[in-house]
Structure formats: structure tokens, C-alpha cells
>>> print(open('start_36.txt').read())   # compact mmCIF, C-alpha atoms and all ligand atoms
# COMPACT_ATOMS: atom_id res chain seq x y z
CA MET M 1 -84.19 48.69 -43.07
CA ASN M 2 -86.63 46.88 -45.31
CA MET M 3 -87.68 43.73 -43.56
CA TYR M 4 -86.71 41.49 -46.43
CA GLU M 5 -84.26 38.66 -46.52
CA PHE M 6 -82.62 40.46 -49.43
CA SER M 7 -81.94 43.53 -47.25
CA GLU M 8 -80.56 41.38 -44.51
CA LYS M 9 -78.13 39.42 -46.66
CA ASN M 10 -77.26 41.46 -49.74
CA ASN M 11 -77.39 45.10 -48.65
CA ARG M 12 -75.79 47.01 -45.83
CA GLU M 13 -78.86 48.25 -43.98
CA MET M 14 -79.54 48.89 -40.34
CA GLY M 15 -82.55 48.53 -38.09
CA VAL M 16 -82.65 50.50 -34.84
CA PHE M 17 -84.84 49.31 -31.99
CA ILE M 18 -86.40 52.17 -30.02
CA THR M 19 -88.74 51.89 -27.05
CA ARG M 20 -90.89 54.59 -25.49
CA GLY M 21 -89.73 53.52 -22.06
CA ASN M 22 -86.01 53.80 -22.82
CA ASP M 23 -85.99 57.10 -24.63
CA LYS M 24 -89.32 58.87 -24.97
CA ASN M 25 -87.81 61.82 -26.83
CA ILE M 26 -86.31 59.79 -29.68
CA PHE M 27 -89.40 57.55 -29.74
CA ASP M 28 -91.70 60.57 -30.26
CA LYS M 29 -89.41 61.92 -32.98
CA ALA M 30 -89.50 58.59 -34.79
CA VAL M 31 -93.32 58.52 -34.56
CA ASN M 32 -93.56 62.08 -35.88
CA GLU M 33 -91.24 61.26 -38.75
CA THR M 34 -93.38 58.23 -39.62
CA LEU M 35 -96.58 60.33 -39.53
CA SER M 36 -94.95 62.96 -41.71
CA ILE M 37 -94.01 60.32 -44.29
CA ILE M 38 -97.57 58.99 -44.27
CA GLN M 39 -99.12 62.46 -44.54
CA SER M 40 -96.94 63.55 -47.42
CA SER M 41 -97.44 60.32 -49.33
CA GLU M 42 -99.67 60.16 -52.36
CA ILE M 43 -102.51 57.71 -52.61
CA ILE M 44 -102.21 55.84 -55.88
CA GLN M 45 -105.38 54.13 -56.89
CA LEU M 46 -105.63 51.57 -59.60
CA ALA M 47 -108.18 52.36 -62.28
CA LYS M 48 -111.17 50.20 -61.56
CA THR M 49 -112.25 49.75 -65.12
CA LYS M 50 -114.23 46.72 -66.08
CA ARG M 51 -112.41 44.87 -68.83
CA LYS M 52 -113.99 43.12 -71.71
CA LEU M 53 -112.88 39.55 -71.59
CA PHE M 54 -111.18 38.35 -74.71
CA GLU M 55 -113.75 36.31 -76.54
CA ASN M 56 -114.46 35.42 -80.10
CA LYS M 57 -118.24 35.79 -80.21
CA ASN M 58 -118.52 34.84 -83.88
CA ASN M 59 -116.87 31.52 -83.33
CA PRO M 60 -117.19 30.10 -79.85
CA ASN M 61 -115.51 26.88 -80.94
CA GLU M 62 -112.82 25.96 -78.42
CA LYS M 63 -110.28 25.20 -81.12
CA THR M 64 -110.35 28.69 -82.58
CA LYS M 65 -109.50 30.35 -79.28
CA ARG M 66 -106.25 32.26 -79.38
CA LYS M 67 -103.94 33.38 -76.65
CA PRO M 68 -104.20 37.14 -76.19
CA THR M 69 -101.46 39.30 -77.70
CA ARG M 70 -101.77 42.10 -75.16
CA GLY M 71 -101.64 41.74 -71.41
CA TYR M 72 -101.48 43.82 -68.25
CA CYS M 73 -98.62 44.44 -65.85
CA ILE M 74 -99.68 42.48 -62.77
CA ARG M 75 -98.52 45.31 -60.49
CA CYS M 76 -99.51 48.61 -62.14
CA GLU M 77 -101.98 47.53 -64.87
CA GLU M 78 -99.96 49.04 -67.70
CA ARG M 79 -100.73 47.47 -71.08
CA ILE M 80 -97.82 45.28 -72.11
CA GLN M 81 -97.21 42.35 -74.39
CA TYR M 82 -98.89 39.14 -73.26
CA ASP M 83 -96.16 36.89 -71.93
CA THR M 84 -96.76 34.83 -68.79
CA GLU M 85 -92.98 34.60 -68.34
CA LYS M 86 -92.74 38.39 -68.19
CA PRO M 87 -95.91 39.69 -66.57
CA TYR M 88 -94.38 43.01 -65.42
CA CYS M 89 -93.81 46.29 -67.22
CA TRP M 90 -90.21 47.43 -67.37
CA ASN M 91 -90.49 49.68 -64.30
CA CYS M 92 -92.24 47.18 -62.07
CA PHE M 93 -89.92 44.41 -63.21
CA SER M 94 -86.86 46.41 -62.18
CA ILE M 95 -88.35 46.85 -58.69
CA TRP M 96 -89.48 43.22 -58.51
CA SER M 97 -86.02 42.01 -59.57
CA GLN M 98 -84.44 43.62 -56.51
CA PHE M 99 -86.20 40.97 -54.42
CA GLU M 100 -86.96 38.30 -57.00
CA ASN M 101 -89.71 36.77 -54.95
CA PRO M 102 -91.73 34.72 -57.46
CA ASP M 103 -94.63 34.42 -55.02
CA TYR M 104 -94.83 38.10 -54.11
CA GLU M 105 -98.53 38.91 -54.30
CA GLU M 106 -99.67 41.38 -56.94
CA ASN M 107 -103.13 42.78 -57.75
CA VAL M 108 -103.89 42.32 -61.40
CA CYS M 109 -104.46 39.37 -63.74
CA HIS M 110 -101.90 39.55 -66.57
CA SER M 111 -104.47 38.38 -69.09
CA CYS M 112 -107.83 40.04 -68.29
CA GLY M 113 -106.65 42.95 -66.12
CA GLU M 114 -109.19 42.21 -63.40
CA PHE M 115 -108.22 42.61 -59.76
CA GLU M 116 -107.11 39.18 -58.69
CA PRO M 117 -104.27 38.03 -56.48
CA THR M 118 -101.44 37.09 -58.85
CA SER M 119 -97.66 36.65 -58.78
CA MET M 120 -94.71 35.99 -61.08
CA ASN M 121 -95.39 32.28 -60.59
CA ARG M 122 -99.13 32.59 -61.20
CA PRO M 123 -99.66 35.71 -63.29
CA GLU M 124 -103.20 34.90 -64.37
CA CYS M 125 -106.51 34.49 -62.57
CA TYR M 126 -107.84 30.96 -62.56
CA ASN M 127 -110.30 31.52 -65.41
CA CYS M 128 -107.68 33.03 -67.70
CA PHE M 129 -105.16 30.37 -66.78
CA VAL M 130 -107.58 27.61 -67.81
CA GLU M 131 -108.75 29.44 -70.92
CA ASN M 132 -105.25 30.31 -72.20
CA LYS M 133 -103.87 26.90 -71.37
CA ASN M 134 -106.40 25.42 -73.79
CA SER M 135 -105.72 27.97 -76.49
CA THR M 136 -104.16 26.87 -79.71
CA GLY M 137 -101.30 29.34 -79.72
CA TYR M 138 -100.43 32.96 -80.20
CA LYS M 139 -102.55 35.06 -82.51
ZN ZN H 201 -96.03 47.82 -64.00
ZN ZN H 202 -107.86 36.91 -65.73
>>> encode(input="start_36.txt", output="C-alpha cells")
Amino acid sequence: MNMYEFSEKNNREMGVFITRGNDKNIFDKAVNETLSIIQSSEIIQLAKTKRKLFENKNNPNEKTKRKPTRGYCIRCEERIQYDTEKPYCWNCFSIWSQFENPDYEENVCHSCGEFEPTSMNRPECYNCFVENKNSTGYK
């Protein structure tokens, strides 16, 4: 059972409580199964590339700043359209929508792609949020 409210209320899932003292045999089997899942899992690392911040060097005038047109999925870093209402790629959104937790913490800023704690509610790092808020509109 996933320890989510969604699992508890919307799905039919079961949690089984096992103690070493009550049944050592089944406890050891459960531990071995867990270790086997961990050992056969793949480590997925996010690409730690340094992004170039969107900046118009020729014209640093505040008024000419534009909102970016391309953004990053806040979960997997995939390049997607910049839209703070939809900061997930299709795949990650379909997983997110199973729980629909707007504060679920993600890793990537939707705007600059840097590693920052973000969420559906706050998809941008503070700097990007301030910068894009003051932008004149979409490019
Ligand atoms: Zn994604
Ligand atoms: Zn950012």
C-alpha cells in the first residue's frame, strides 16, 4: 500500500503489519523481498548541467524582458513549453495527477532548470518567479 491519502480513500489497497517477534520467517522474507527490489532498481540521476539563465544582454532594460517560451518539467527536467500552470511533461503529469498534491515537492525550476525545490503551486525558483512576474508578456 502506498502511504498516501489517495490510496487509503480511492483505491482498494492493503497494508500488512508484520513483526519479527510474531513471525520471524515471514518478517525475514519481507526484508529479503525489499532488499531484492532495492538491488534490482536502477539509479536515475538527473543531468547536472549548468543552465544559461535567460537574459537579454544587448538590452538589459527591465521593460524589454520577456517571459521564456521554453521551460523544464519540474520532475524530470524534460524541455517543455513554458507554462507555470502546466509545469510537468506529459508522463510526469499523468503520475502527478494520480495524487494531485499541488505541494508535492519536485527538484527542478520550471523556468531555469536549476535544482531547486519546486511544486505545482510554486513551479519556479524565487529568482525566476520574481523575474518572470515582472516580464512584459510572452515572447
Ligand atoms: Zn517530466
Ligand atoms: Zn529558476
>>> residues_near_ligand(input="start_36.txt", ligand="ligand ZN 201 (chain H)", cutoff="12 Å", atoms="all atoms listed in the file", output="list in words")
Leu46, Gly71, Tyr72, Cys73, Ile74, Arg75, Cys76, Glu77, Glu78, Arg79, Ile80, Gln81, Lys86, Pro87, Tyr88, Cys89, Trp90, Asn91, Cys92, Phe93, Ser94, Ile95, Trp96, Glu106, Asn107, Val108, Cys109, His110 and Gly113 of chain M
>>> closest_residue(input="start_36.txt", among="M:Asn134, M:Lys67, M:Asn121, M:Ser111", to="ligand ZN 202 (chain H)", atoms="all atoms listed in the file")
M:Ser111
>>> atom_distance(input="start_36.txt", atom1="atom CA of M:Ser36", atom2="atom CA of M:Asp23")
20.2 Å
>>> closest_residue(input="start_36.txt", among="M:Phe99, M:Tyr82, M:Phe17, M:Tyr104", to="ligand ZN 202 (chain H)", atoms="only C-alpha atoms and all ligand atoms")
M:Tyr82
>>> residues_near_ligand(input="start_36.txt", ligand="ligand ZN 202 (chain H)", cutoff="6 Å", atoms="all atoms listed in the file", output="list in words")
Cys109, Ser111, Cys112, Glu114, Glu124, Cys125, Asn127 and Cys128 of chain M
>>> write_last_selection(input="start_36.txt", atoms="C-alpha atoms", output="PDB file, in the frame of the given file")
ATOM      1  CA  CYS M 109    -104.460  39.370 -63.740  1.00  0.00           C
ATOM      2  CA  SER M 111    -104.470  38.380 -69.090  1.00  0.00           C
ATOM      3  CA  CYS M 112    -107.830  40.040 -68.290  1.00  0.00           C
ATOM      4  CA  GLU M 114    -109.190  42.210 -63.400  1.00  0.00           C
ATOM      5  CA  GLU M 124    -103.200  34.900 -64.370  1.00  0.00           C
ATOM      6  CA  CYS M 125    -106.510  34.490 -62.570  1.00  0.00           C
ATOM      7  CA  ASN M 127    -110.300  31.520 -65.410  1.00  0.00           C
ATOM      8  CA  CYS M 128    -107.680  33.030 -67.700  1.00  0.00           C
TER       9      CYS M 128
END
>>> residues_around(input="start_36.txt", residues="M:Glu105", least_positions_apart="3", cutoff="9 Å", atoms="only C-alpha atoms", output="PyMOL selection string")
chain M and resi 75+102+117-120
